[in-house]
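Below is upload.txt, holding compact mmCIF, C-alpha atoms and all ligand atoms.
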# COMPACT_ATOMS: atom_id res chain seq x y z
CA ILE A 1 35.44 42.96 -19.68
CA SER A 2 33.91 39.89 -21.16
CA GLN A 3 35.55 38.24 -24.21
CA PRO A 4 33.41 37.74 -27.31
CA ASP A 5 32.51 34.10 -27.80
CA GLN A 6 35.06 32.22 -29.84
CA PRO A 7 33.52 30.36 -32.77
CA GLN A 8 33.54 26.66 -31.98
CA PRO A 9 34.15 24.12 -34.76
CA LEU A 10 31.02 22.09 -35.43
CA GLU A 11 31.29 18.52 -34.25
CA ALA A 12 31.21 15.70 -36.76
CA HIS A 13 29.31 12.63 -35.62
CA ALA A 14 30.45 9.10 -36.33
CA GLY A 15 27.15 8.27 -38.04
CA ASP A 16 27.18 11.30 -40.39
CA LYS A 17 26.75 10.44 -44.02
CA ASP A 18 29.26 11.78 -46.52
CA LEU A 19 27.15 12.93 -49.47
CA PHE A 20 29.95 11.80 -51.79
CA SER A 21 29.65 8.15 -50.70
CA LYS A 22 27.20 7.51 -53.56
CA PHE A 23 30.12 7.99 -55.97
CA ASP A 24 32.36 5.36 -54.36
CA ASP A 25 31.72 2.72 -57.04
CA ILE A 26 32.58 5.01 -59.92
CA ILE A 27 35.63 6.35 -58.06
CA ALA A 28 36.86 2.75 -57.59
CA LEU A 29 36.20 1.87 -61.25
CA ARG A 30 38.15 4.89 -62.45
CA GLU A 31 41.04 4.28 -60.06
CA GLY A 32 41.14 0.64 -61.17
CA LEU A 33 41.52 1.63 -64.82
CA LEU A 34 44.12 4.32 -64.15
CA SER A 35 46.19 2.16 -61.75
CA GLN A 36 47.20 0.03 -64.72
CA GLY A 37 49.15 3.02 -66.08
CA ARG A 38 46.52 3.77 -68.70
CA GLU A 39 45.96 7.14 -70.32
CA ASP A 40 42.68 8.56 -69.01
CA PRO A 41 40.06 8.37 -71.77
CA PHE A 42 37.97 11.01 -70.01
CA ASN A 43 40.74 13.53 -69.48
CA LEU A 44 42.23 14.09 -72.91
CA VAL A 45 43.60 17.55 -73.60
CA MET A 46 43.74 19.05 -77.08
CA GLU A 47 46.95 21.05 -76.81
CA LYS A 48 46.58 22.48 -80.29
CA VAL A 49 43.84 22.07 -82.88
CA LEU A 50 45.27 21.97 -86.38
CA SER A 51 42.07 21.50 -88.42
CA PRO A 52 38.62 19.92 -88.02
CA THR A 53 40.28 16.51 -88.34
CA ARG A 54 43.69 16.88 -86.64
CA ALA A 55 44.98 18.02 -83.26
CA ILE A 56 47.94 17.65 -80.94
CA CYS A 57 46.63 15.52 -78.05
CA ASN A 58 48.79 14.32 -75.15
CA GLY A 59 51.83 15.52 -77.12
CA ARG A 60 51.06 13.57 -80.32
CA GLU A 61 49.57 14.57 -83.67
CA THR A 62 46.24 12.78 -83.71
CA ILE A 63 43.49 12.15 -86.25
CA LEU A 64 40.18 13.20 -84.72
CA LEU A 65 37.42 10.61 -85.13
CA GLY A 66 35.50 11.42 -81.98
CA THR A 67 34.18 14.95 -82.40
CA TYR A 68 30.71 16.06 -83.48
CA ASN A 69 32.25 18.32 -86.10
CA TYR A 70 30.34 16.44 -88.82
CA MET A 71 30.44 19.17 -91.46
CA GLY A 72 33.89 20.51 -90.51
CA MET A 73 32.69 24.11 -90.08
CA THR A 74 34.95 25.05 -87.14
CA PHE A 75 37.72 26.46 -89.35
CA ASP A 76 35.59 27.69 -92.23
CA PRO A 77 37.11 31.10 -93.12
CA ASP A 78 33.72 32.86 -93.50
CA VAL A 79 32.51 31.49 -90.19
CA VAL A 80 35.71 32.48 -88.36
CA GLU A 81 35.58 35.96 -89.91
CA ALA A 82 31.94 36.49 -88.87
CA GLY A 83 32.89 35.64 -85.29
CA LYS A 84 35.85 38.06 -85.28
CA GLN A 85 33.73 40.87 -86.71
CA ALA A 86 30.98 40.37 -84.11
CA LEU A 87 33.56 40.28 -81.33
CA ALA A 88 34.93 43.62 -82.54
CA ASP A 89 31.50 45.21 -83.11
CA PHE A 90 29.47 43.86 -80.17
CA GLY A 91 32.00 42.84 -77.51
CA THR A 92 32.58 39.56 -75.71
CA GLY A 93 29.20 38.87 -74.13
CA THR A 94 25.64 40.07 -73.61
CA THR A 95 25.66 39.82 -69.79
CA GLY A 96 21.95 39.16 -69.74
CA SER A 97 18.89 37.10 -70.55
CA ARG A 98 17.22 37.07 -73.94
CA VAL A 99 14.13 38.66 -72.40
CA LEU A 100 16.04 41.57 -70.86
CA ASN A 101 19.23 43.03 -72.33
CA GLY A 102 20.49 39.86 -74.05
CA THR A 103 18.81 39.99 -77.46
CA TYR A 104 21.19 41.54 -79.99
CA GLN A 105 20.79 41.90 -83.73
CA GLY A 106 22.90 38.73 -84.08
CA HIS A 107 20.41 36.59 -82.12
CA LYS A 108 17.60 37.75 -84.40
CA GLU A 109 19.72 37.03 -87.50
CA CYS A 110 20.58 33.59 -86.19
CA GLU A 111 16.87 32.81 -85.66
CA GLU A 112 16.14 34.14 -89.16
CA ALA A 113 18.83 31.80 -90.58
CA LEU A 114 17.19 28.85 -88.78
CA ARG A 115 13.71 29.75 -90.06
CA GLU A 116 15.10 29.82 -93.60
CA PHE A 117 17.12 26.64 -93.14
CA TYR A 118 14.05 24.66 -91.99
CA GLU A 119 11.41 26.72 -93.87
CA MET A 120 9.49 27.06 -90.61
CA ASP A 121 7.63 29.97 -89.01
CA HIS A 122 9.37 30.15 -85.64
CA ALA A 123 12.88 29.64 -84.30
CA MET A 124 14.09 30.12 -80.75
CA VAL A 125 17.78 30.02 -79.85
CA PHE A 126 18.91 28.67 -76.46
CA SER A 127 22.34 28.77 -74.86
CA THR A 128 22.86 25.00 -75.43
CA GLY A 129 21.03 22.08 -77.00
CA TYR A 130 20.74 20.58 -73.53
CA GLN A 131 18.78 23.65 -72.44
CA ALA A 132 16.62 23.56 -75.58
CA ASN A 133 15.40 20.05 -74.71
CA LEU A 134 15.18 20.82 -71.01
CA GLY A 135 13.23 24.01 -71.67
CA ILE A 136 10.84 23.01 -74.43
CA ILE A 137 9.95 19.58 -73.02
CA SER A 138 9.45 20.75 -69.43
CA THR A 139 7.40 23.75 -70.52
CA ILE A 140 5.00 22.09 -72.95
CA ALA A 141 4.43 18.85 -71.00
CA GLY A 142 3.58 19.41 -67.34
CA LYS A 143 1.68 17.68 -64.54
CA GLY A 144 -1.14 15.53 -65.91
CA ASP A 145 0.36 15.39 -69.44
CA TYR A 146 2.05 12.30 -70.89
CA ILE A 147 5.42 11.99 -72.60
CA ILE A 148 5.96 8.88 -74.70
CA LEU A 149 9.65 8.47 -75.47
CA ASP A 150 12.29 6.06 -76.71
CA ILE A 151 14.11 4.43 -73.79
CA ASP A 152 17.49 5.36 -75.35
CA SER A 153 16.73 9.09 -75.36
CA HIS A 154 19.47 11.60 -74.58
CA ALA A 155 19.95 12.75 -70.97
CA SER A 156 18.68 16.25 -71.81
CA ILE A 157 15.33 14.73 -72.89
CA TRP A 158 15.00 12.70 -69.69
CA ASP A 159 15.93 15.75 -67.62
CA GLY A 160 13.30 17.84 -69.44
CA CYS A 161 10.68 15.19 -68.65
CA ALA A 162 11.67 15.14 -64.97
CA MET A 163 11.63 18.92 -64.69
CA GLY A 164 8.14 19.26 -66.18
CA GLN A 165 6.74 16.45 -64.00
CA ALA A 166 4.66 14.90 -66.78
CA GLU A 167 3.90 11.16 -66.70
CA VAL A 168 6.79 9.50 -68.53
CA VAL A 169 6.04 6.44 -70.66
CA PRO A 170 9.17 4.95 -72.24
CA PHE A 171 9.12 2.32 -74.99
CA LYS A 172 11.76 -0.10 -76.32
CA HIS A 173 14.30 1.53 -78.61
CA ASN A 174 12.99 2.11 -82.16
CA ASP A 175 10.11 -0.35 -81.57
CA ILE A 176 7.10 0.92 -83.52
CA GLU A 177 4.63 -1.58 -82.02
CA ALA A 178 5.74 -0.91 -78.46
CA MET A 179 5.27 2.80 -79.06
CA GLU A 180 1.72 2.29 -80.36
CA LYS A 181 0.85 0.03 -77.43
CA ARG A 182 1.89 2.73 -74.96
CA LEU A 183 -0.04 5.43 -76.82
CA LYS A 184 -3.19 3.30 -76.88
CA ARG A 185 -3.20 3.04 -73.09
CA ILE A 186 -3.09 6.76 -72.38
CA PRO A 187 -6.37 8.18 -71.03
CA GLU A 188 -8.51 9.93 -73.59
CA GLY A 189 -8.29 13.68 -73.54
CA ALA A 190 -4.87 13.77 -71.87
CA GLY A 191 -2.09 15.96 -73.34
CA LYS A 192 0.42 13.75 -75.18
CA LEU A 193 3.92 14.46 -76.45
CA VAL A 194 5.94 11.89 -78.38
CA VAL A 195 9.70 12.55 -78.20
CA LEU A 196 12.04 10.93 -80.73
CA GLU A 197 15.56 11.44 -82.03
CA GLY A 198 16.50 11.41 -85.72
CA VAL A 199 19.86 9.74 -85.12
CA TYR A 200 20.61 7.96 -81.83
CA SER A 201 24.12 8.98 -80.98
CA MET A 202 25.41 5.85 -79.27
CA LEU A 203 24.93 3.30 -82.07
CA GLY A 204 24.46 5.81 -84.90
CA ASP A 205 21.14 4.26 -85.91
CA ILE A 206 18.17 6.27 -87.15
CA ALA A 207 14.53 6.20 -86.01
CA PRO A 208 11.76 4.88 -88.29
CA LEU A 209 10.21 8.34 -88.31
CA LYS A 210 7.77 7.79 -91.16
CA GLU A 211 5.92 5.08 -89.23
CA MET A 212 6.36 6.59 -85.79
CA VAL A 213 5.17 10.08 -86.69
CA ALA A 214 2.09 8.61 -88.45
CA ILE A 215 1.19 6.62 -85.34
CA ALA A 216 1.72 9.60 -83.04
CA LYS A 217 -0.63 11.67 -85.19
CA LYS A 218 -3.20 8.85 -85.28
CA TYR A 219 -3.40 9.04 -81.47
CA GLY A 220 -3.52 12.83 -81.41
CA ALA A 221 -0.05 13.32 -79.89
CA MET A 222 2.25 16.24 -80.57
CA VAL A 223 5.69 15.22 -81.84
CA LEU A 224 9.13 16.57 -80.96
CA VAL A 225 12.19 15.28 -82.81
CA ASP A 226 15.74 15.94 -81.65
CA GLU A 227 17.87 16.20 -84.78
CA ALA A 228 21.14 17.01 -83.00
CA HIS A 229 23.18 14.41 -84.91
CA SER A 230 21.58 14.78 -88.34
CA MET A 231 21.30 18.52 -88.92
CA GLY A 232 23.42 19.65 -91.84
CA PHE A 233 24.08 16.11 -93.02
CA ILE A 234 20.95 13.96 -93.42
CA GLY A 235 18.19 14.96 -95.85
CA GLU A 236 18.47 16.70 -99.19
CA ASN A 237 18.87 20.11 -97.54
CA GLY A 238 20.42 18.82 -94.33
CA ARG A 239 17.21 19.30 -92.33
CA GLY A 240 17.57 15.90 -90.74
CA VAL A 241 15.90 12.50 -90.68
CA VAL A 242 12.49 14.25 -90.65
CA GLU A 243 13.32 15.60 -94.12
CA ASP A 244 14.69 12.30 -95.38
CA ALA A 245 11.60 10.44 -94.14
CA GLY A 246 9.24 13.05 -95.63
CA VAL A 247 7.60 13.97 -92.30
CA ILE A 248 9.02 17.43 -91.64
CA ASP A 249 5.57 19.03 -92.06
CA ASP A 250 3.99 16.58 -89.61
CA VAL A 251 6.24 17.20 -86.60
CA ASP A 252 5.47 19.98 -84.13
CA PHE A 253 8.95 20.77 -82.86
CA ILE A 254 12.48 20.13 -84.06
CA ILE A 255 15.24 20.50 -81.50
CA GLY A 256 18.82 20.99 -82.57
CA THR A 257 22.21 22.16 -81.47
CA PHE A 258 25.01 24.38 -82.75
CA SER A 259 27.60 22.15 -81.06
CA LYS A 260 27.75 19.54 -83.82
CA SER A 261 27.44 20.28 -87.57
CA VAL A 262 27.12 24.04 -87.00
CA GLY A 263 30.50 23.98 -85.25
CA THR A 264 30.01 26.28 -82.27
CA VAL A 265 27.76 26.14 -79.20
CA GLY A 266 24.04 26.80 -78.65
CA GLY A 267 20.69 25.10 -79.11
CA PHE A 268 17.40 25.79 -80.80
CA CYS A 269 13.82 24.79 -81.39
CA VAL A 270 11.95 25.43 -84.66
CA SER A 271 8.18 25.06 -85.00
CA ASN A 272 5.15 26.07 -87.04
CA HIS A 273 2.86 26.15 -84.00
CA PRO A 274 0.88 29.43 -84.15
CA LYS A 275 1.32 30.06 -80.40
CA PHE A 276 5.03 29.16 -80.31
CA GLU A 277 6.34 32.67 -79.50
CA ILE A 278 4.81 32.53 -75.99
CA MET A 279 7.63 30.09 -75.15
CA ARG A 280 9.95 33.08 -74.86
CA LEU A 281 8.10 34.22 -71.75
CA VAL A 282 7.30 30.91 -70.05
CA CYS A 283 10.30 28.68 -70.72
CA ARG A 284 12.57 28.93 -67.68
CA PRO A 285 15.83 27.62 -69.23
CA TYR A 286 15.42 30.37 -71.86
CA VAL A 287 14.45 33.18 -69.50
CA PHE A 288 16.71 32.54 -66.52
CA THR A 289 20.11 32.27 -68.18
CA ALA A 290 22.40 34.55 -70.15
CA SER A 291 22.10 34.59 -73.93
CA LEU A 292 24.89 33.41 -76.23
CA PRO A 293 27.80 35.79 -76.91
CA PRO A 294 27.48 37.84 -80.11
CA SER A 295 30.49 36.10 -81.69
CA VAL A 296 28.82 32.71 -81.17
CA VAL A 297 25.51 33.64 -82.78
CA ALA A 298 27.38 35.30 -85.67
CA THR A 299 29.39 32.13 -86.35
CA ALA A 300 26.23 30.01 -86.00
CA ALA A 301 24.20 32.13 -88.44
CA THR A 302 27.02 32.11 -91.03
CA SER A 303 27.56 28.39 -90.66
CA ILE A 304 23.80 27.58 -90.94
CA ARG A 305 23.56 29.63 -94.14
CA LYS A 306 26.56 27.80 -95.60
CA LEU A 307 25.08 24.42 -94.62
CA MET A 308 22.09 25.20 -96.86
CA HIS A 309 24.49 24.80 -99.79
CA GLY A 310 26.47 21.88 -98.39
CA SER A 311 25.33 19.10 -100.72
CA ASN A 312 28.88 18.29 -101.91
CA LYS A 313 30.07 17.99 -98.33
CA ARG A 314 27.05 15.85 -97.47
CA ALA A 315 27.85 13.49 -100.35
CA HIS A 316 31.51 13.21 -99.28
CA LEU A 317 30.54 12.53 -95.67
CA TRP A 318 28.28 9.66 -96.82
CA GLU A 319 31.24 8.24 -98.78
CA ASN A 320 33.40 8.44 -95.67
CA SER A 321 30.75 6.74 -93.56
CA LYS A 322 30.31 3.90 -96.07
CA ASN A 323 34.07 3.39 -96.46
CA LEU A 324 34.76 3.34 -92.74
CA HIS A 325 31.83 1.01 -92.01
CA ALA A 326 32.84 -1.46 -94.74
CA GLY A 327 36.53 -1.29 -93.78
CA LEU A 328 35.93 -1.93 -90.08
CA ARG A 329 33.50 -4.76 -90.79
CA ASP A 330 36.03 -6.38 -93.17
CA LEU A 331 38.71 -6.15 -90.44
CA GLY A 332 36.42 -8.22 -88.21
CA PHE A 333 35.10 -5.58 -85.81
CA LYS A 334 31.56 -5.86 -84.46
CA LEU A 335 29.60 -2.74 -85.39
CA GLY A 336 26.49 -1.06 -83.97
CA THR A 337 24.54 -1.18 -87.24
CA GLU A 338 24.46 -3.60 -90.20
CA GLU A 339 24.69 -0.70 -92.65
CA PRO A 340 25.98 2.83 -92.10
CA GLN A 341 22.98 5.02 -91.22
CA SER A 342 24.65 8.27 -90.14
CA ALA A 343 28.09 9.80 -89.58
CA ILE A 344 28.47 7.74 -86.39
CA ILE A 345 29.94 4.23 -86.56
CA ALA A 346 29.98 2.42 -83.22
CA VAL A 347 32.50 -0.36 -82.66
CA ILE A 348 31.25 -2.73 -79.96
CA MET A 349 33.86 -3.83 -77.41
CA PRO A 350 33.58 -7.05 -75.36
CA ASP A 351 33.76 -5.15 -72.02
CA LEU A 352 34.97 -1.93 -70.42
CA GLU A 353 38.42 -3.35 -69.63
CA LYS A 354 39.11 -4.38 -73.23
CA GLY A 355 37.43 -1.22 -74.54
CA ALA A 356 39.74 0.98 -72.45
CA HIS A 357 42.73 -1.07 -73.62
CA MET A 358 41.77 -0.66 -77.28
CA TRP A 359 41.03 3.05 -76.79
CA GLU A 360 44.51 3.52 -75.41
CA ALA A 361 46.13 1.59 -78.26
CA LEU A 362 44.29 3.82 -80.74
CA ILE A 363 45.36 7.05 -79.05
CA ARG A 364 48.99 5.86 -78.84
CA ASN A 365 48.82 5.08 -82.55
CA GLY A 366 47.47 8.55 -83.30
CA LEU A 367 43.69 8.17 -83.46
CA TYR A 368 41.09 9.67 -81.13
CA VAL A 369 37.66 8.07 -80.80
CA ASN A 370 35.09 8.28 -77.97
CA LEU A 371 35.06 5.59 -75.33
CA ALA A 372 31.39 5.30 -74.37
CA ARG A 373 30.10 3.16 -71.53
CA PRO A 374 26.98 2.78 -69.40
CA PRO A 375 24.89 4.65 -68.39
CA ALA A 376 25.32 6.66 -71.62
CA THR A 377 25.20 3.48 -73.73
CA PRO A 378 22.26 1.11 -74.23
CA ALA A 379 22.21 -2.47 -72.86
CA GLY A 380 25.36 -2.08 -70.77
CA MET A 381 27.57 -1.89 -73.87
CA THR A 382 31.08 -0.48 -74.09
CA LEU A 383 31.56 1.28 -77.41
CA LEU A 384 34.34 2.94 -79.35
CA ARG A 385 32.33 5.57 -81.08
CA CYS A 386 33.67 6.92 -84.34
CA SER A 387 32.15 10.10 -85.71
CA LEU A 388 33.22 11.14 -89.17
CA CYS A 389 33.74 14.60 -90.58
CA ALA A 390 33.12 15.88 -94.11
CA GLU A 391 36.73 17.16 -93.97
CA HIS A 392 38.23 13.67 -93.52
CA SER A 393 39.90 12.87 -96.83
CA GLU A 394 39.68 9.46 -98.45
CA GLU A 395 43.36 8.91 -97.51
CA GLU A 396 42.61 9.79 -93.90
CA VAL A 397 39.85 7.18 -93.78
CA GLY A 398 42.47 4.71 -95.08
CA GLN A 399 44.89 5.76 -92.30
CA ILE A 400 42.11 5.39 -89.73
CA LEU A 401 41.51 1.82 -90.87
CA GLU A 402 45.25 1.03 -90.69
CA ILE A 403 45.36 2.33 -87.09
CA PHE A 404 42.30 0.24 -86.19
CA GLU A 405 43.93 -2.87 -87.68
CA LYS A 406 47.25 -2.30 -85.86
CA SER A 407 45.59 -1.49 -82.52
CA GLY A 408 43.05 -4.32 -82.83
CA LYS A 409 45.88 -6.83 -83.36
CA GLU A 410 48.01 -5.37 -80.54
CA THR A 411 45.14 -5.76 -78.08
CA GLY A 412 43.81 -9.06 -79.40
CA ILE A 413 40.38 -7.58 -80.21
CA ILE A 414 40.67 -8.89 -83.79
N1 LIG B 1 20.46 16.07 -77.93
C1 LIG B 1 21.26 15.06 -78.29
C2 LIG B 1 20.66 13.87 -78.97
C3 LIG B 1 22.63 15.12 -78.04
O1 LIG B 1 23.42 14.10 -78.37
C4 LIG B 1 23.16 16.26 -77.40
C5 LIG B 1 24.64 16.42 -77.10
N2 LIG B 1 25.45 15.37 -77.21
C6 LIG B 1 22.30 17.28 -77.03
C7 LIG B 1 20.96 17.16 -77.32
C8 LIG B 1 22.79 18.50 -76.30
O2 LIG B 1 23.46 19.36 -77.14
P1 LIG B 1 24.43 20.50 -76.60
O3 LIG B 1 25.82 19.99 -76.73
O4 LIG B 1 24.17 21.66 -77.51
O5 LIG B 1 24.05 20.81 -75.20
Taking this structure as input, can you express it in the form of structure tokens?
Amino acid sequence: ISQPDQPQPLEAHAGDKDLFSKFDDIIALREGLLSQGREDPFNLVMEKVLSPTRAICNGRETILLGTYNYMGMTFDPDVVEAGKQALADFGTGTTGSRVLNGTYQGHKECEEALREFYEMDHAMVFSTGYQANLGIISTIAGKGDYIILDIDSHASIWDGCAMGQAEVVPFKHNDIEAMEKRLKRIPEGAGKLVVLEGVYSMLGDIAPLKEMVAIAKKYGAMVLVDEAHSMGFIGENGRGVVEDAGVIDDVDFIIGTFSKSVGTVGGFCVSNHPKFEIMRLVCRPYVFTASLPPSVVATAATSIRKLMHGSNKRAHLWENSKNLHAGLRDLGFKLGTEEPQSAIIAVIMPDLEKGAHMWEALIRNGLYVNLARPPATPAGMTLLRCSLCAEHSEEEVGQILEIFEKSGKETGII
């Protein structure tokens, strides 16, 4: 009787390439930082979250100055209650795509809240803001079309451009003339999409949208603005930099997220384009993924409706931003912008080594900020990114400044 063949292990060859070898540099950089006994800035655990501005992190009570919880909605009692109710009434998840079994009453209500918030005709909710950019950009700008975008655009914008395979034409950050020059060179009759952000999240600076949108229109381009970091805060009604600059009626698409001011997770696009609804059938990152859980869309809709009446919170958040910016500048820190332009204040560090050292001093002294480094940051900068919350009290901003002073002196940064 013959024996069945035994499976033989496949032979490895000396010349085989390990597909992980491309990560060797970043592995070495990380090991270098951690070998000095440092706390890992990219592996922080929130053991308990006490409020939008406080948590227990690495065993210590910590002031949070590195979340995107700009409007402090995560513990709003109405928002929390809406989530609990939806969980009880509709269960934990939809288990399906929006175009099959995954559209519940709550998704429609959430889109209705967005249409009212922006006073626009159409709103489409995605499972994340990343997918909203990926989906809308790749679907509307394809082969043969041109995308003109700021070089400091978010990764989700770049990935959307790559997925759609349009010609990508970047221009220098916030440079109006450079943008016009690029637009001028695009062949006549080609499809053109200009992609901008209201607030750029690394330095916290805003785009000159009034000028840029006018130029885009002059050259017959459609305009998409990502307002992820301004929704709820900037503009009289919190509609973003487009509202503040008076160009909301001139842009074709606004992209946003629920993971910042709205306080949960999800993404969206709003538009007045008469054919916009066809996106629901042709946009792959909308069609081929599960829809948001009912509890998430319920919290989002409640939060968005409350943000319509958030002018007191908006005013307090501006106060916080001004106080922190002035305080840090007076302590001698180098900041990303001359004046505060958003809820993000970036503190520029001399290099990654010193930035990691300062980050660790801050966390040991009870303050969490984001350590940001290339490739996420522009011009190879290392930043300590501070993002304020409308729930930070004036006293807390004072405490934050004291911790910055103490840590800056301990590390020799100031
Ligand atoms: N756009 C910008 C400008 C962002 O900063 C982010 C997230 N940091 C996103 C889109 C993606 O948002 P989300 O977290 O909902 O995926």
List every residue of chain A that has an atom at most 7 Å from any atom of ligand LIG 1 (chain B), giving for each one its closest atom pair and the distance in Å to one decimal, counting only C-alpha atoms and all ligand atoms, sorted by chain and then by ascending residue number, as CSV.
residue,atom,partner,partner_atom,distance
A:Thr128,CA,B:LIG1,O4,4.1
A:Gly129,CA,B:LIG1,O4,3.2
A:Tyr130,CA,B:LIG1,O5,3.7
A:Gln131,CA,B:LIG1,O5,6.6
A:Asn133,CA,B:LIG1,C7,6.8
A:His154,CA,B:LIG1,C2,5.1
A:Ser156,CA,B:LIG1,C7,6.0
A:Glu197,CA,B:LIG1,C2,6.4
A:Tyr200,CA,B:LIG1,C2,6.6
A:Ser201,CA,B:LIG1,O1,5.8
A:Asp226,CA,B:LIG1,C2,6.0
A:Glu227,CA,B:LIG1,C2,6.9
A:Ala228,CA,B:LIG1,C1,5.1
A:His229,CA,B:LIG1,C2,6.5
A:Gly256,CA,B:LIG1,C7,6.8
A:Thr257,CA,B:LIG1,O4,4.4
A:Phe258,CA,B:LIG1,O4,6.0
A:Ser259,CA,B:LIG1,O4,5.0
A:Val265,CA,B:LIG1,O4,6.0
A:Gly266,CA,B:LIG1,O4,5.3
A:Gly267,CA,B:LIG1,O4,5.1
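Of the listed residues A:Lys409, A:Lys172, A:His392, A:Arg38, the one whose atoms come nearest to Thr53 in chain A is A:His392, with distances taken using all atoms listed in the file.
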Practice prompt. Could you check which of A:Ile403, A:Leu383, A:Val270, A:Ile304 is closest to Met120 in chain A, using all atoms listed in the file?
Written response: A:Val270
Discussion item. Which residue is closest to His122 in chain A? Choose from A:Pro374, A:Pro274, A:Gly66, A:Gly96 and count all atoms listed in the file.
Written reply: A:Pro274
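For Cys389 in chain A, the non-local neighbours within 10 Å, defined as residues at least 5 positions apart in the same chain or in other chains and counting only C-alpha atoms, are A:Pro52, A:Thr53, A:Leu64, A:Leu65, A:Gly66, A:Thr67, A:Tyr68, A:Asn69, A:Tyr70, A:Met71, A:Gly72, A:Met73, A:Ser261, A:Lys313, A:Arg314, A:His316, A:Leu317, A:Trp318, A:Asn320, A:Ser321, A:Ala343, A:Ile344.
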Discussion item. Neighbouring residues of Arg182 in chain A were defined as those with any atom within 8 Å, considering only C-alpha atoms; residues of the same chain fewer than 5 positions away were excluded. Please report them as a list in words.
Written reply: Ile148, Val169 and Phe171 of chain A
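Each of A:Val282, A:Leu224, A:Leu367, A:Leu193 was checked against Ile255 in chain A using all atoms listed in the file; the smallest atom-to-atom distance is that of A:Leu224.
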Can you list every residue of range 148-235 of chain A that has an atom at most 12 Å from range 101-119 of chain A, with its nearest atom pair and the distance in Å to one decimal, using only C-alpha atoms, ordered by chain then number, as JSON lines?
{"residue": "A:Glu227", "atom": "CA", "partner": "A:Tyr118", "partner_atom": "CA", "distance": 11.8}
{"residue": "A:Met231", "atom": "CA", "partner": "A:Tyr118", "partner_atom": "CA", "distance": 10.0}
{"residue": "A:Gly232", "atom": "CA", "partner": "A:Phe117", "partner_atom": "CA", "distance": 9.5}
{"residue": "A:Gly235", "atom": "CA", "partner": "A:Tyr118", "partner_atom": "CA", "distance": 11.2}
